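Here's the structure, in structure tokens; my notes come after.
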Amino acid sequence: MADEQKEDDQEPSYPGSTVPRREQRYPVSGVYQRYVGLKVKIDEVFVPVILHNFSGSGVLFESSVPFEIGAHADCTISITQALSREIAFAIRVKRCQKKNEAFFVGAAIETVADATWFRVFKEVHDYIMQRKGDVY
């Protein structure tokens, strides 16, 4: 895994980028990170990560270890208290930028095991975000 940054004008994936996104990102703020879980497995090992945002075509997460640009990884995403199902998908790393002691990794989603459940996940996430002052 390497600490490097790759330029790609089509899909910025890290904080501070000024290139517009192709689609809406769903932010996962600090207070909700305990409810929305992301697991990333690379080289048959799960790496602890913190999900910052996602869309239908990409994710941004924070890791304690760097990822190589172009690396492939298997992921699962879940909303721990709202859905009993984890949604599996595969990513390709597009960016890895070191910030302090962490690495911000932007990746493109290449395949989703169940597109219907992925859409359900986004809708549940939207519902939680709309109720953020009422529920949490």
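Each chain of the structure tokens is named A, B, ... in the order shown, its residues numbered from 1; ligands are numbered from 1 in display order.
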All helix (DSSP H, G or I) residues (DSSP, backbone) inside region 11-122 of chain A, as a ChimeraX atom specification = /A:30-32,115-122
For N, CA and C atoms, I'd like the residues from the last selection saved as an mmCIF file, in the first residue's frame.
data_model
loop_
_atom_site.group_PDB
_atom_site.id
_atom_site.type_symbol
_atom_site.label_atom_id
_atom_site.label_comp_id
_atom_site.auth_asym_id
_atom_site.auth_seq_id
_atom_site.Cartn_x
_atom_site.Cartn_y
_atom_site.Cartn_z
ATOM 1 N N GLY A 30 -19.909 12.581 12.204
ATOM 2 C CA GLY A 30 -19.368 11.908 13.380
ATOM 3 C C GLY A 30 -20.403 11.261 14.274
ATOM 4 N N VAL A 31 -21.504 11.939 14.512
ATOM 5 C CA VAL A 31 -22.526 11.405 15.405
ATOM 6 C C VAL A 31 -23.185 10.154 14.820
ATOM 7 N N TYR A 32 -23.222 10.008 13.493
ATOM 8 C CA TYR A 32 -23.864 8.865 12.855
ATOM 9 C C TYR A 32 -22.903 7.741 12.512
ATOM 10 N N ALA A 115 -27.983 -4.480 -5.965
ATOM 11 C CA ALA A 115 -28.261 -3.060 -6.224
ATOM 12 C C ALA A 115 -29.531 -2.593 -5.524
ATOM 13 N N THR A 116 -30.524 -3.453 -5.396
ATOM 14 C CA THR A 116 -31.768 -3.074 -4.718
ATOM 15 C C THR A 116 -31.504 -2.749 -3.258
ATOM 16 N N TRP A 117 -30.747 -3.594 -2.581
ATOM 17 C CA TRP A 117 -30.444 -3.334 -1.164
ATOM 18 C C TRP A 117 -29.560 -2.100 -1.009
ATOM 19 N N PHE A 118 -28.701 -1.844 -1.991
ATOM 20 C CA PHE A 118 -27.867 -0.639 -1.923
ATOM 21 C C PHE A 118 -28.750 0.608 -1.998
ATOM 22 N N ARG A 119 -29.766 0.597 -2.859
ATOM 23 C CA ARG A 119 -30.709 1.720 -2.930
ATOM 24 C C ARG A 119 -31.500 1.847 -1.628
ATOM 25 N N VAL A 120 -31.906 0.722 -1.055
ATOM 26 C CA VAL A 120 -32.612 0.746 0.238
ATOM 27 C C VAL A 120 -31.718 1.367 1.295
ATOM 28 N N PHE A 121 -30.451 1.003 1.294
ATOM 29 C CA PHE A 121 -29.503 1.572 2.251
ATOM 30 C C PHE A 121 -29.468 3.092 2.129
ATOM 31 N N LYS A 122 -29.385 3.618 0.899
ATOM 32 C CA LYS A 122 -29.344 5.073 0.697
ATOM 33 C C LYS A 122 -30.625 5.733 1.198
#
Contacts of Phe61 (chain A) at 12 Å or less, counting only C-alpha atoms, minus same-chain residues fewer than 3 places along, as a PDB file with N, CA and C atoms, in the first residue's frame?
ATOM      1  N   SER A  13     -12.302  12.583  -4.360  1.00  0.00           N
ATOM      2  CA  SER A  13     -12.692  11.680  -3.288  1.00  0.00           C
ATOM      3  C   SER A  13     -12.093  12.044  -1.942  1.00  0.00           C
ATOM      4  N   TYR A  14     -11.586  13.235  -1.796  1.00  0.00           N
ATOM      5  CA  TYR A  14     -10.989  13.574  -0.527  1.00  0.00           C
ATOM      6  C   TYR A  14     -11.314  15.010  -0.159  1.00  0.00           C
ATOM      7  N   PRO A  15     -11.207  15.340   1.150  1.00  0.00           N
ATOM      8  CA  PRO A  15     -11.544  16.689   1.598  1.00  0.00           C
ATOM      9  C   PRO A  15     -10.698  17.742   0.895  1.00  0.00           C
ATOM     10  N   PRO A  27     -23.272  12.195   3.163  1.00  0.00           N
ATOM     11  CA  PRO A  27     -22.288  12.342   4.240  1.00  0.00           C
ATOM     12  C   PRO A  27     -22.660  11.487   5.442  1.00  0.00           C
ATOM     13  N   VAL A  28     -21.647  11.041   6.148  1.00  0.00           N
ATOM     14  CA  VAL A  28     -21.842  10.299   7.390  1.00  0.00           C
ATOM     15  C   VAL A  28     -21.071  11.070   8.453  1.00  0.00           C
ATOM     16  N   SER A  29     -21.782  11.959   9.153  1.00  0.00           N
ATOM     17  CA  SER A  29     -21.129  12.809  10.149  1.00  0.00           C
ATOM     18  C   SER A  29     -20.735  11.999  11.379  1.00  0.00           C
ATOM     19  N   GLN A  33     -21.606   7.970  12.680  1.00  0.00           N
ATOM     20  CA  GLN A  33     -20.642   6.947  12.305  1.00  0.00           C
ATOM     21  C   GLN A  33     -20.765   5.686  13.156  1.00  0.00           C
ATOM     22  N   GLY A  37     -21.910   1.488   9.388  1.00  0.00           N
ATOM     23  CA  GLY A  37     -20.633   0.791   9.428  1.00  0.00           C
ATOM     24  C   GLY A  37     -20.113   0.434   8.052  1.00  0.00           C
ATOM     25  N   LEU A  38     -18.818   0.574   7.889  1.00  0.00           N
ATOM     26  CA  LEU A  38     -18.149   0.159   6.662  1.00  0.00           C
ATOM     27  C   LEU A  38     -17.016  -0.775   7.052  1.00  0.00           C
ATOM     28  N   LYS A  39     -16.965  -1.911   6.386  1.00  0.00           N
ATOM     29  CA  LYS A  39     -15.856  -2.856   6.556  1.00  0.00           C
ATOM     30  C   LYS A  39     -15.129  -2.947   5.221  1.00  0.00           C
ATOM     31  N   VAL A  40     -13.795  -2.868   5.275  1.00  0.00           N
ATOM     32  CA  VAL A  40     -12.984  -2.949   4.061  1.00  0.00           C
ATOM     33  C   VAL A  40     -11.989  -4.090   4.240  1.00  0.00           C
ATOM     34  N   VAL A  47      -9.468  -4.035   7.411  1.00  0.00           N
ATOM     35  CA  VAL A  47      -8.761  -2.837   7.852  1.00  0.00           C
ATOM     36  C   VAL A  47      -9.775  -1.946   8.560  1.00  0.00           C
ATOM     37  N   PRO A  48      -9.461  -1.474   9.777  1.00  0.00           N
ATOM     38  CA  PRO A  48     -10.402  -0.572  10.452  1.00  0.00           C
ATOM     39  C   PRO A  48     -10.493   0.767   9.712  1.00  0.00           C
ATOM     40  N   VAL A  49     -11.737   1.180   9.415  1.00  0.00           N
ATOM     41  CA  VAL A  49     -11.953   2.427   8.679  1.00  0.00           C
ATOM     42  C   VAL A  49     -13.123   3.189   9.289  1.00  0.00           C
ATOM     43  N   ILE A  50     -13.167   4.474   8.961  1.00  0.00           N
ATOM     44  CA  ILE A  50     -14.284   5.348   9.342  1.00  0.00           C
ATOM     45  C   ILE A  50     -14.861   5.900   8.048  1.00  0.00           C
ATOM     46  N   LEU A  51     -16.137   5.635   7.818  1.00  0.00           N
ATOM     47  CA  LEU A  51     -16.805   6.101   6.605  1.00  0.00           C
ATOM     48  C   LEU A  51     -17.124   7.582   6.732  1.00  0.00           C
ATOM     49  N   HIS A  52     -16.745   8.382   5.710  1.00  0.00           N
ATOM     50  CA  HIS A  52     -17.048   9.815   5.707  1.00  0.00           C
ATOM     51  C   HIS A  52     -18.200  10.153   4.764  1.00  0.00           C
ATOM     52  N   ASN A  53     -18.236   9.525   3.580  1.00  0.00           N
ATOM     53  CA  ASN A  53     -19.371   9.715   2.694  1.00  0.00           C
ATOM     54  C   ASN A  53     -19.395   8.613   1.649  1.00  0.00           C
ATOM     55  N   PHE A  54     -20.533   8.519   0.950  1.00  0.00           N
ATOM     56  CA  PHE A  54     -20.679   7.517  -0.094  1.00  0.00           C
ATOM     57  C   PHE A  54     -21.678   8.006  -1.128  1.00  0.00           C
ATOM     58  N   GLY A  58     -19.136   5.750  -5.451  1.00  0.00           N
ATOM     59  CA  GLY A  58     -17.879   5.911  -4.735  1.00  0.00           C
ATOM     60  C   GLY A  58     -18.033   6.052  -3.239  1.00  0.00           C
ATOM     61  N   SER A  64      -6.210   3.939   9.039  1.00  0.00           N
ATOM     62  CA  SER A  64      -4.938   4.135   9.749  1.00  0.00           C
ATOM     63  C   SER A  64      -3.760   3.642   8.911  1.00  0.00           C
ATOM     64  N   VAL A  65      -4.057   2.942   7.809  1.00  0.00           N
ATOM     65  CA  VAL A  65      -3.007   2.438   6.916  1.00  0.00           C
ATOM     66  C   VAL A  65      -3.257   2.964   5.500  1.00  0.00           C
ATOM     67  N   PRO A  66      -2.204   3.145   4.726  1.00  0.00           N
ATOM     68  CA  PRO A  66      -2.389   3.620   3.344  1.00  0.00           C
ATOM     69  C   PRO A  66      -2.874   2.503   2.430  1.00  0.00           C
ATOM     70  N   PHE A  67      -3.520   2.897   1.338  1.00  0.00           N
ATOM     71  CA  PHE A  67      -3.961   1.973   0.301  1.00  0.00           C
ATOM     72  C   PHE A  67      -3.264   2.346  -0.994  1.00  0.00           C
ATOM     73  N   CYS A  75     -15.884  -4.762   0.256  1.00  0.00           N
ATOM     74  CA  CYS A  75     -16.457  -3.959   1.327  1.00  0.00           C
ATOM     75  C   CYS A  75     -17.860  -4.425   1.671  1.00  0.00           C
ATOM     76  N   ILE A  77     -21.297  -2.523   3.770  1.00  0.00           N
ATOM     77  CA  ILE A  77     -21.811  -1.336   4.429  1.00  0.00           C
ATOM     78  C   ILE A  77     -23.127  -1.723   5.103  1.00  0.00           C
ATOM     79  N   ILE A  91     -14.539  -2.268  -4.499  1.00  0.00           N
ATOM     80  CA  ILE A  91     -14.036  -0.933  -4.831  1.00  0.00           C
ATOM     81  C   ILE A  91     -12.674  -1.014  -5.506  1.00  0.00           C
ATOM     82  N   VAL A  93      -9.383   1.655  -5.508  1.00  0.00           N
ATOM     83  CA  VAL A  93      -8.855   2.865  -4.877  1.00  0.00           C
ATOM     84  C   VAL A  93      -8.406   3.854  -5.938  1.00  0.00           C
ATOM     85  N   LYS A  94      -8.895   5.089  -5.812  1.00  0.00           N
ATOM     86  CA  LYS A  94      -8.531   6.145  -6.754  1.00  0.00           C
ATOM     87  C   LYS A  94      -7.598   7.166  -6.124  1.00  0.00           C
ATOM     88  N   ARG A  95      -7.714   7.348  -4.815  1.00  0.00           N
ATOM     89  CA  ARG A  95      -6.887   8.333  -4.103  1.00  0.00           C
ATOM     90  C   ARG A  95      -6.544   7.812  -2.722  1.00  0.00           C
ATOM     91  N   CYS A  96      -5.394   8.247  -2.252  1.00  0.00           N
ATOM     92  CA  CYS A  96      -5.008   7.994  -0.869  1.00  0.00           C
ATOM     93  C   CYS A  96      -4.163   9.184  -0.434  1.00  0.00           C
ATOM     94  N   GLN A  97      -4.706   9.969   0.472  1.00  0.00           N
ATOM     95  CA  GLN A  97      -4.026  11.190   0.899  1.00  0.00           C
ATOM     96  C   GLN A  97      -3.810  11.153   2.405  1.00  0.00           C
ATOM     97  N   LYS A  98      -2.573  11.341   2.819  1.00  0.00           N
ATOM     98  CA  LYS A  98      -2.246  11.352   4.242  1.00  0.00           C
ATOM     99  C   LYS A  98      -2.616  12.704   4.836  1.00  0.00           C
ATOM    100  N   ALA A 102      -3.717   9.908   9.712  1.00  0.00           N
ATOM    101  CA  ALA A 102      -4.697   9.087   8.998  1.00  0.00           C
ATOM    102  C   ALA A 102      -4.511   9.208   7.490  1.00  0.00           C
ATOM    103  N   PHE A 103      -5.154   8.306   6.780  1.00  0.00           N
ATOM    104  CA  PHE A 103      -5.155   8.318   5.330  1.00  0.00           C
ATOM    105  C   PHE A 103      -6.601   8.420   4.862  1.00  0.00           C
ATOM    106  N   PHE A 104      -6.886   9.399   4.013  1.00  0.00           N
ATOM    107  CA  PHE A 104      -8.209   9.557   3.435  1.00  0.00           C
ATOM    108  C   PHE A 104      -8.190   8.841   2.090  1.00  0.00           C
ATOM    109  N   VAL A 105      -9.044   7.861   1.970  1.00  0.00           N
ATOM    110  CA  VAL A 105      -9.057   6.997   0.791  1.00  0.00           C
ATOM    111  C   VAL A 105     -10.351   7.221   0.024  1.00  0.00           C
ATOM    112  N   GLY A 106     -10.226   7.590  -1.238  1.00  0.00           N
ATOM    113  CA  GLY A 106     -11.369   7.727  -2.129  1.00  0.00           C
ATOM    114  C   GLY A 106     -11.349   6.563  -3.096  1.00  0.00           C
ATOM    115  N   ALA A 107     -12.495   5.908  -3.250  1.00  0.00           N
ATOM    116  CA  ALA A 107     -12.533   4.728  -4.102  1.00  0.00           C
ATOM    117  C   ALA A 107     -13.802   4.705  -4.940  1.00  0.00           C
ATOM    118  N   ALA A 108     -13.689   4.138  -6.114  1.00  0.00           N
ATOM    119  CA  ALA A 108     -14.835   3.952  -7.000  1.00  0.00           C
ATOM    120  C   ALA A 108     -15.463   2.597  -6.697  1.00  0.00           C
TER     121      ALA A 108
END
ask   = Smallest atom-to-atom distance to Glu62 (chain A): which of A:Lys99, A:Glu23, A:Ile109, A:Ala90, using only C-alpha atoms?
value = A:Lys99
task = Report the distance between CA of Ala73 (chain A) and CA of Asp114 (chain A) in Å, rounded to one decimal place.
result =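 We find that CA of Ala73 (chain A) and CA of Asp114 (chain A) lie 16.8 Å from each other.
Pairwise distance (CA of Lys41 (chain A), CA of Asp74 (chain A)) equals 5.2 Å.
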